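Structure file input_21.cif; described as mmCIF, C-alpha atoms.
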data_query
loop_
_atom_site.label_atom_id
_atom_site.label_comp_id
_atom_site.auth_asym_id
_atom_site.auth_seq_id
_atom_site.Cartn_x
_atom_site.Cartn_y
_atom_site.Cartn_z
CA MET A 1 -9.60 -98.76 -63.99
CA ARG A 2 -11.49 -98.89 -67.26
CA ARG A 3 -15.14 -98.00 -67.20
CA PRO A 4 -17.33 -101.16 -67.22
CA THR A 5 -19.01 -101.75 -70.58
CA LEU A 6 -22.30 -103.26 -71.68
CA GLU A 7 -20.33 -106.26 -72.89
CA ALA A 8 -18.82 -106.78 -69.44
CA VAL A 9 -22.26 -106.62 -67.83
CA ALA A 10 -23.62 -109.07 -70.40
CA ALA A 11 -20.78 -111.52 -69.74
CA ARG A 12 -21.29 -111.30 -65.96
CA ALA A 13 -25.07 -111.82 -66.28
CA GLY A 14 -24.75 -114.51 -68.94
CA VAL A 15 -27.01 -112.69 -71.42
CA SER A 16 -26.61 -110.82 -74.68
CA ARG A 17 -25.52 -107.20 -74.99
CA ALA A 18 -28.94 -106.38 -76.48
CA THR A 19 -30.68 -107.77 -73.40
CA VAL A 20 -28.54 -105.60 -71.11
CA SER A 21 -29.35 -102.58 -73.27
CA ARG A 22 -33.08 -103.24 -72.98
CA VAL A 23 -32.89 -103.54 -69.20
CA VAL A 24 -30.78 -100.39 -68.80
CA ASN A 25 -33.16 -98.40 -71.00
CA GLY A 26 -36.22 -99.49 -69.04
CA SER A 27 -37.78 -101.92 -71.50
CA ASP A 28 -40.54 -104.11 -70.07
CA THR A 29 -39.94 -106.94 -72.56
CA VAL A 30 -37.35 -108.72 -70.40
CA ARG A 31 -38.35 -111.57 -68.08
CA PRO A 32 -38.11 -110.68 -64.35
CA GLU A 33 -35.44 -113.27 -63.54
CA ILE A 34 -33.22 -112.08 -66.40
CA ARG A 35 -33.79 -108.44 -65.41
CA ALA A 36 -32.74 -109.30 -61.84
CA ALA A 37 -29.54 -110.98 -63.12
CA VAL A 38 -28.65 -107.98 -65.25
CA LEU A 39 -29.28 -105.48 -62.45
CA ARG A 40 -27.18 -107.60 -60.10
CA ALA A 41 -24.30 -107.54 -62.63
CA VAL A 42 -24.72 -103.78 -63.06
CA GLU A 43 -24.38 -103.28 -59.30
CA GLU A 44 -21.43 -105.66 -58.94
CA LEU A 45 -19.46 -104.04 -61.75
CA GLY A 46 -20.48 -100.47 -60.93
CA TYR A 47 -21.72 -99.95 -64.49
CA VAL A 48 -22.96 -96.42 -65.32
CA PRO A 49 -24.88 -95.97 -68.61
CA ASN A 50 -23.24 -93.74 -71.19
CA SER A 51 -25.78 -90.92 -71.38
CA ALA A 52 -24.43 -89.61 -74.68
CA ALA A 53 -24.74 -92.98 -76.34
CA ARG A 54 -28.14 -93.61 -74.83
CA SER A 55 -29.46 -90.27 -76.07
CA LEU A 56 -28.49 -91.27 -79.62
CA VAL A 57 -30.74 -94.31 -79.28
CA THR A 58 -33.64 -92.78 -77.36
CA GLN A 59 -33.46 -89.30 -78.92
CA ARG A 60 -33.87 -87.90 -75.40
CA THR A 61 -31.47 -85.95 -73.23
CA ASP A 62 -33.61 -85.96 -70.05
CA SER A 63 -32.71 -82.26 -69.74
CA ILE A 64 -35.01 -79.22 -69.85
CA GLY A 65 -33.75 -75.72 -70.61
CA LEU A 66 -34.86 -72.89 -68.32
CA VAL A 67 -34.21 -69.75 -70.38
CA VAL A 68 -34.29 -66.47 -68.44
CA SER A 69 -34.44 -63.25 -70.46
CA GLU A 70 -32.63 -61.20 -67.82
CA PRO A 71 -28.97 -60.27 -67.19
CA PRO A 72 -27.04 -62.13 -64.45
CA SER A 73 -27.11 -59.03 -62.24
CA ARG A 74 -30.91 -59.30 -62.08
CA VAL A 75 -31.22 -63.07 -61.84
CA PHE A 76 -28.74 -63.27 -58.96
CA SER A 77 -29.92 -60.12 -57.17
CA ASP A 78 -31.94 -59.89 -53.95
CA ASP A 79 -35.17 -60.52 -55.90
CA PRO A 80 -36.33 -63.92 -54.61
CA PHE A 81 -38.62 -64.52 -57.62
CA PHE A 82 -35.90 -66.14 -59.72
CA SER A 83 -34.55 -68.41 -56.99
CA ILE A 84 -38.09 -69.59 -56.16
CA VAL A 85 -38.76 -70.44 -59.80
CA VAL A 86 -35.42 -72.22 -60.29
CA ARG A 87 -35.92 -74.23 -57.10
CA ALA A 88 -39.49 -75.23 -57.98
CA VAL A 89 -38.62 -76.14 -61.58
CA SER A 90 -35.59 -78.15 -60.47
CA GLN A 91 -37.59 -80.07 -57.87
CA GLU A 92 -40.43 -80.86 -60.25
CA LEU A 93 -37.99 -82.06 -62.91
CA GLU A 94 -36.06 -84.10 -60.37
CA ASN A 95 -39.31 -85.86 -59.47
CA ALA A 96 -39.61 -86.74 -63.16
CA ASP A 97 -35.97 -87.96 -63.26
CA LYS A 98 -34.89 -85.02 -65.41
CA GLN A 99 -32.53 -82.12 -64.88
CA VAL A 100 -32.67 -78.39 -65.55
CA VAL A 101 -30.19 -76.46 -67.68
CA LEU A 102 -30.20 -72.75 -66.76
CA MET A 103 -29.52 -70.39 -69.67
CA LEU A 104 -29.53 -66.58 -69.62
CA ALA A 105 -30.61 -64.70 -72.74
CA SER A 106 -30.59 -60.95 -72.15
CA SER A 107 -28.87 -59.94 -75.40
CA ALA A 108 -28.84 -60.76 -79.11
CA ALA A 109 -25.72 -62.87 -78.59
CA GLY A 110 -27.43 -64.69 -75.73
CA HIS A 111 -30.49 -65.35 -77.88
CA ALA A 112 -28.34 -66.78 -80.66
CA ARG A 113 -26.43 -68.99 -78.23
CA VAL A 114 -29.64 -70.38 -76.71
CA GLU A 115 -31.16 -70.98 -80.15
CA ARG A 116 -28.07 -72.91 -81.29
CA TYR A 117 -28.03 -74.98 -78.12
CA VAL A 118 -31.71 -75.90 -78.38
CA ALA A 119 -31.57 -76.56 -82.12
CA GLY A 120 -28.55 -78.81 -81.49
CA GLY A 121 -30.75 -81.24 -79.58
CA HIS A 122 -29.20 -80.69 -76.16
CA VAL A 123 -32.56 -80.38 -74.35
CA ASP A 124 -35.93 -82.10 -74.66
CA GLY A 125 -37.92 -78.92 -73.99
CA VAL A 126 -37.66 -75.27 -72.98
CA ILE A 127 -39.27 -73.14 -70.27
CA LEU A 128 -39.16 -69.41 -70.99
CA LEU A 129 -39.03 -67.04 -68.02
CA SER A 130 -39.26 -63.24 -67.71
CA LEU A 131 -39.99 -62.45 -71.35
CA HIS A 132 -40.01 -58.79 -72.41
CA GLY A 133 -41.99 -57.16 -75.21
CA SER A 134 -41.62 -58.54 -78.72
CA ASP A 135 -38.82 -60.92 -77.72
CA PRO A 136 -37.92 -62.96 -80.85
CA LEU A 137 -36.85 -65.98 -78.80
CA PRO A 138 -40.25 -67.74 -78.53
CA ALA A 139 -40.71 -67.75 -82.32
CA ALA A 140 -37.11 -68.83 -82.92
CA LEU A 141 -37.31 -71.73 -80.47
CA LEU A 142 -40.71 -72.87 -81.69
CA ARG A 143 -39.21 -73.20 -85.17
CA THR A 144 -36.73 -75.78 -83.84
CA GLY A 145 -39.59 -78.19 -83.15
CA VAL A 146 -38.59 -78.53 -79.50
CA PRO A 147 -41.54 -78.20 -77.05
CA VAL A 148 -41.63 -74.68 -75.57
CA VAL A 149 -43.75 -73.27 -72.75
CA SER A 150 -43.70 -69.89 -71.01
CA HIS A 151 -43.78 -69.05 -67.32
CA GLY A 152 -46.15 -66.08 -67.62
CA ARG A 153 -48.16 -64.84 -70.57
CA PRO A 154 -45.86 -63.51 -73.32
CA VAL A 155 -46.50 -60.02 -74.68
CA SER A 156 -45.48 -61.02 -78.22
CA THR A 157 -48.04 -62.25 -80.74
CA VAL A 158 -46.16 -65.56 -81.05
CA ARG A 159 -47.27 -67.25 -77.85
CA PRO A 160 -46.23 -70.71 -76.72
CA PRO A 161 -48.45 -72.42 -74.14
CA TYR A 162 -48.14 -70.75 -70.75
CA CYS A 163 -49.05 -70.74 -67.07
CA ASP A 164 -49.51 -67.59 -65.02
CA CYS A 165 -51.27 -66.17 -61.99
CA ASP A 166 -54.34 -63.91 -62.03
CA ASN A 167 -52.43 -60.64 -62.15
CA VAL A 168 -55.46 -58.52 -63.03
CA GLY A 169 -57.66 -60.03 -60.32
CA GLY A 170 -54.93 -59.76 -57.70
CA ALA A 171 -54.31 -56.08 -58.44
CA ARG A 172 -58.04 -55.42 -58.44
CA ALA A 173 -58.40 -57.01 -54.98
CA ALA A 174 -55.51 -54.90 -53.66
CA VAL A 175 -56.99 -51.61 -54.82
CA GLU A 176 -60.52 -52.56 -53.73
CA HIS A 177 -59.08 -53.21 -50.28
CA LEU A 178 -57.65 -49.68 -50.22
CA VAL A 179 -60.99 -48.25 -51.35
CA GLY A 180 -62.73 -50.23 -48.60
CA LYS A 181 -60.36 -48.66 -46.08
CA GLY A 182 -61.62 -45.24 -47.14
CA ARG A 183 -58.56 -44.16 -49.11
CA ARG A 184 -59.38 -41.46 -51.64
CA ARG A 185 -56.16 -40.67 -53.53
CA ILE A 186 -54.75 -44.04 -54.53
CA ALA A 187 -51.61 -44.17 -56.65
CA THR A 188 -49.83 -47.12 -58.19
CA ILE A 189 -46.22 -48.02 -58.91
CA ALA A 190 -46.58 -50.08 -62.06
CA GLY A 191 -44.24 -52.74 -63.39
CA PRO A 192 -42.46 -52.63 -66.77
CA PRO A 193 -44.86 -51.96 -69.66
CA ASP A 194 -43.11 -54.58 -71.80
CA MET A 195 -44.07 -57.42 -69.42
CA THR A 196 -47.56 -58.83 -68.98
CA ALA A 197 -47.23 -58.85 -65.18
CA GLY A 198 -46.67 -55.09 -65.33
CA LEU A 199 -49.46 -54.50 -67.84
CA ASP A 200 -52.02 -56.73 -66.13
CA ARG A 201 -51.43 -55.40 -62.63
CA LEU A 202 -51.80 -51.86 -63.96
CA ALA A 203 -55.03 -52.91 -65.70
CA GLY A 204 -56.40 -54.28 -62.42
CA TYR A 205 -55.61 -50.99 -60.68
CA ARG A 206 -57.29 -48.97 -63.42
CA GLU A 207 -60.42 -51.14 -63.38
CA VAL A 208 -61.11 -50.02 -59.82
CA VAL A 209 -59.95 -46.42 -60.09
CA SER A 210 -61.82 -45.73 -63.34
CA GLY A 211 -65.01 -47.05 -61.78
CA SER A 212 -64.93 -44.41 -59.05
CA ASP A 213 -64.41 -40.69 -58.70
CA ARG A 214 -60.70 -41.23 -58.09
CA ARG A 215 -58.13 -40.15 -60.64
CA SER A 216 -55.40 -42.42 -61.90
CA LEU A 217 -51.95 -41.62 -60.55
CA VAL A 218 -49.22 -43.81 -62.03
CA ALA A 219 -45.44 -44.00 -61.75
CA MET A 220 -43.38 -46.67 -63.49
CA GLY A 221 -40.92 -49.09 -61.91
CA ASP A 222 -39.10 -52.25 -62.93
CA PHE A 223 -39.99 -54.55 -59.99
CA THR A 224 -36.83 -53.57 -58.06
CA ARG A 225 -36.57 -51.93 -54.64
CA GLU A 226 -34.65 -48.97 -56.08
CA SER A 227 -37.29 -48.27 -58.74
CA GLY A 228 -40.02 -48.38 -56.11
CA ALA A 229 -38.23 -45.78 -54.00
CA ALA A 230 -37.71 -43.50 -57.02
CA ALA A 231 -41.32 -43.92 -58.20
CA MET A 232 -42.62 -43.04 -54.74
CA ARG A 233 -40.60 -39.81 -54.77
CA GLN A 234 -42.19 -38.94 -58.11
CA LEU A 235 -45.68 -39.70 -56.84
CA LEU A 236 -45.23 -37.48 -53.79
CA GLU A 237 -44.16 -34.65 -56.09
CA ASP A 238 -47.13 -35.24 -58.40
CA ASP A 239 -49.68 -35.44 -55.60
CA PRO A 240 -48.45 -34.62 -52.07
CA ASP A 241 -51.92 -35.45 -50.69
CA LEU A 242 -52.06 -39.07 -51.88
CA ASP A 243 -53.08 -41.44 -49.08
CA ALA A 244 -52.47 -44.88 -50.57
CA VAL A 245 -50.23 -46.66 -53.06
CA PHE A 246 -50.46 -50.06 -54.70
CA ALA A 247 -47.06 -51.32 -55.85
CA ALA A 248 -46.91 -54.06 -58.49
CA SER A 249 -44.23 -55.95 -56.55
CA ASP A 250 -43.25 -56.30 -52.92
CA LEU A 251 -39.73 -55.07 -53.59
CA MET A 252 -41.13 -51.86 -55.09
CA ALA A 253 -43.50 -51.54 -52.11
CA ILE A 254 -40.55 -51.89 -49.72
CA GLY A 255 -38.69 -49.20 -51.64
CA ALA A 256 -41.79 -46.98 -51.52
CA MET A 257 -42.06 -47.41 -47.75
CA HIS A 258 -38.44 -46.33 -47.39
CA THR A 259 -39.15 -43.14 -49.34
CA LEU A 260 -42.30 -42.45 -47.33
CA ARG A 261 -40.40 -42.83 -44.08
CA LYS A 262 -37.71 -40.41 -45.26
CA ALA A 263 -40.43 -37.94 -46.26
CA GLY A 264 -41.96 -38.09 -42.79
CA ARG A 265 -45.08 -40.00 -43.93
CA ARG A 266 -46.37 -42.69 -41.58
CA VAL A 267 -47.53 -46.07 -42.95
CA PRO A 268 -50.44 -46.67 -42.84
CA ASP A 269 -51.63 -43.59 -40.93
CA ASP A 270 -50.71 -41.12 -43.69
CA VAL A 271 -50.20 -43.45 -46.65
CA ALA A 272 -51.38 -47.05 -46.89
CA VAL A 273 -49.17 -49.39 -48.92
CA VAL A 274 -50.02 -52.68 -50.64
CA GLY A 275 -47.58 -54.85 -52.61
CA PHE A 276 -47.77 -57.88 -54.84
CA ASP A 277 -46.02 -61.30 -54.58
CA ASP A 278 -45.95 -62.01 -50.82
CA ILE A 279 -42.22 -62.63 -50.65
CA GLU A 280 -40.82 -63.64 -47.28
CA ALA A 281 -39.50 -60.14 -46.58
CA ALA A 282 -43.07 -58.77 -46.71
CA ARG A 283 -43.73 -60.24 -43.26
CA TYR A 284 -40.77 -58.43 -41.72
CA THR A 285 -41.16 -54.86 -42.99
CA ASP A 286 -42.13 -52.16 -40.51
CA PRO A 287 -45.08 -52.33 -40.50
CA PRO A 288 -45.63 -55.79 -42.07
CA LEU A 289 -46.70 -55.41 -45.68
CA THR A 290 -50.21 -56.06 -46.93
CA THR A 291 -49.78 -57.79 -50.26
CA VAL A 292 -51.20 -60.10 -52.91
CA ARG A 293 -49.93 -63.66 -52.71
CA HIS A 294 -48.50 -64.70 -56.08
CA PRO A 295 -48.19 -68.53 -56.17
CA ILE A 296 -44.74 -68.36 -57.79
CA ALA A 297 -43.67 -71.93 -57.00
CA GLU A 298 -47.06 -73.38 -57.92
CA VAL A 299 -47.00 -71.65 -61.32
CA ALA A 300 -43.50 -73.02 -61.92
CA GLN A 301 -44.61 -76.54 -61.02
CA ALA A 302 -47.64 -76.25 -63.30
CA ILE A 303 -45.49 -75.13 -66.22
CA VAL A 304 -43.17 -78.14 -65.81
CA ARG A 305 -46.15 -80.51 -65.77
CA MET A 306 -47.56 -78.80 -68.85
CA LEU A 307 -44.26 -79.15 -70.71
CA LEU A 308 -43.76 -82.81 -69.81
CA SER A 309 -47.30 -83.68 -70.92
CA LEU A 310 -47.16 -81.85 -74.26
CA GLU A 311 -47.91 -83.94 -77.33
CA PRO A 312 -46.61 -82.94 -80.79
CA GLY A 313 -48.76 -80.16 -82.24
CA GLN A 314 -50.75 -79.79 -79.03
CA ARG A 315 -51.86 -76.31 -77.87
CA PRO A 316 -53.13 -76.64 -74.29
CA GLU A 317 -55.22 -73.90 -72.75
CA PRO A 318 -53.37 -71.49 -70.45
CA VAL A 319 -53.33 -72.37 -66.75
CA ILE A 320 -54.12 -69.32 -64.60
CA LEU A 321 -53.72 -69.81 -60.86
CA PRO A 322 -55.62 -67.63 -58.36
CA THR A 323 -54.03 -65.00 -56.14
CA GLU A 324 -54.92 -64.11 -52.56
CA LEU A 325 -54.92 -60.82 -50.67
CA ILE A 326 -52.83 -61.09 -47.50
CA VAL A 327 -53.85 -58.31 -45.09
CA ARG A 328 -51.19 -57.09 -42.67
CA ASP A 329 -50.54 -53.76 -40.97
CA SER A 330 -49.41 -51.52 -43.86
CA ALA A 331 -52.94 -51.10 -45.25
#
Could you express the structure from this file as structure tokens?
Amino acid sequence: MRRPTLEAVAARAGVSRATVSRVVNGSDTVRPEIRAAVLRAVEELGYVPNSAARSLVTQRTDSIGLVVSEPPSRVFSDDPFFSIVVRAVSQELENADKQVVLMLASSAAGHARVERYVAGGHVDGVILLSLHGSDPLPAALLRTGVPVVSHGRPVSTVRPPYCDCDNVGGARAAVEHLVGKGRRRIATIAGPPDMTAGLDRLAGYREVVSGSDRRSLVAMGDFTRESGAAAMRQLLEDDPDLDAVFAASDLMAIGAMHTLRKAGRRVPDDVAVVGFDDIEAARYTDPPLTTVRHPIAEVAQAIVRMLLSLEPGQRPEPVILPTELIVRDSA
């Protein structure tokens, strides 16, 4: 069977093609009784609007690009951060009758492909996720004129509007909790130095440590479980007498706890451990992990609302959501 056309709907409803077009595209200039006749004809014929043709008229695709600056192996790993963001962004866009287009851009070729796709008018806006260092993608996409927002504060000097959580305050609360528990030699497993989440959580740790007689003890990780385990081994070599560690992600904290267990250190008796994110697995570690709740889904929802409300040339203030210390048995 041939696909029903606007002309067929118009003939069935007894109106012009232009009237059918106005109804299908949501115009409020059509009288209610005529609108009802058109919608009845649409249902009877099973008419489905041609989205490609409609986008030529409306200059909208009703699609939003979610660009992740990570390789597939990281995006589809056991790190729940990415799935939480994708789910929250998809749901928020679905509520707005729009869809998400997931694009990965972890290489120069990936950047070029994303830039061509966006410049070609295939999306109405872009959400950037997991930016690293002086990533050229924000500047390149902003030059296309397409609205761009960032999930998290970009490190680069070219900064689109963004939403984030209070990384500094959350880290500060975590380390202050360890100080309040009487811990004297507090180390940290920091996140990547080319990401603001890594930088800001390290800054929050240092704010507390530098304001006391404690010395800073830092090992670097990349937010993965494996890097947390390796960083904990390094910290134990650097200072065997450390009695607490703040990890900048729960996965790194879980890796650190594994290393501590293998080294014969009890958590929290010998070494207290605090993480960051409050992923579901944090409740099921042994012992359950004290952590900082990162409102991942709420930040994602806020960034979608920011993008959809952007006006041309507008530069909204950043939205920073609060974090919360969740105290469990590991510290």
Between atom CA of A:Val67 and atom CA of A:Ala108, distance in Å (one decimal): 13.6 Å
Run the PyMOL selection byres ((chain A and resi 245) around 8) against the file shown and list the residues it catches, as a ChimeraX atom specification. /A:186-189,242-244,246-247,271-274
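With all atoms listed in the file as the basis for measurement, A:Ile127 is the residue among A:Ala197, A:Ile127, A:Ala139, A:Ala105 that approaches A:Leu93 most closely.
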Result set, the PyMOL selection byres ((chain A and resi 37) around 12) on current file, as an mmCIF file with C-alpha atoms, in the frame of the given file:
data_model
loop_
_atom_site.group_PDB
_atom_site.id
_atom_site.type_symbol
_atom_site.label_atom_id
_atom_site.label_comp_id
_atom_site.auth_asym_id
_atom_site.auth_seq_id
_atom_site.Cartn_x
_atom_site.Cartn_y
_atom_site.Cartn_z
ATOM 1 C CA VAL A 9 -22.260 -106.620 -67.830
ATOM 2 C CA ALA A 10 -23.620 -109.070 -70.400
ATOM 3 C CA ALA A 11 -20.780 -111.520 -69.740
ATOM 4 C CA ARG A 12 -21.290 -111.300 -65.960
ATOM 5 C CA ALA A 13 -25.070 -111.820 -66.280
ATOM 6 C CA GLY A 14 -24.750 -114.510 -68.940
ATOM 7 C CA VAL A 15 -27.010 -112.690 -71.420
ATOM 8 C CA SER A 16 -26.610 -110.820 -74.680
ATOM 9 C CA THR A 19 -30.680 -107.770 -73.400
ATOM 10 C CA VAL A 20 -28.540 -105.600 -71.110
ATOM 11 C CA VAL A 23 -32.890 -103.540 -69.200
ATOM 12 C CA VAL A 30 -37.350 -108.720 -70.400
ATOM 13 C CA ARG A 31 -38.350 -111.570 -68.080
ATOM 14 C CA PRO A 32 -38.110 -110.680 -64.350
ATOM 15 C CA GLU A 33 -35.440 -113.270 -63.540
ATOM 16 C CA ILE A 34 -33.220 -112.080 -66.400
ATOM 17 C CA ARG A 35 -33.790 -108.440 -65.410
ATOM 18 C CA ALA A 36 -32.740 -109.300 -61.840
ATOM 19 C CA VAL A 38 -28.650 -107.980 -65.250
ATOM 20 C CA LEU A 39 -29.280 -105.480 -62.450
ATOM 21 C CA ARG A 40 -27.180 -107.600 -60.100
ATOM 22 C CA ALA A 41 -24.300 -107.540 -62.630
ATOM 23 C CA VAL A 42 -24.720 -103.780 -63.060
ATOM 24 C CA GLU A 43 -24.380 -103.280 -59.300
ATOM 25 C CA GLU A 44 -21.430 -105.660 -58.940
#
Expressed in Å, the length from atom CA of A:Val155 to atom CA of A:Asp250 is 22.3 Å
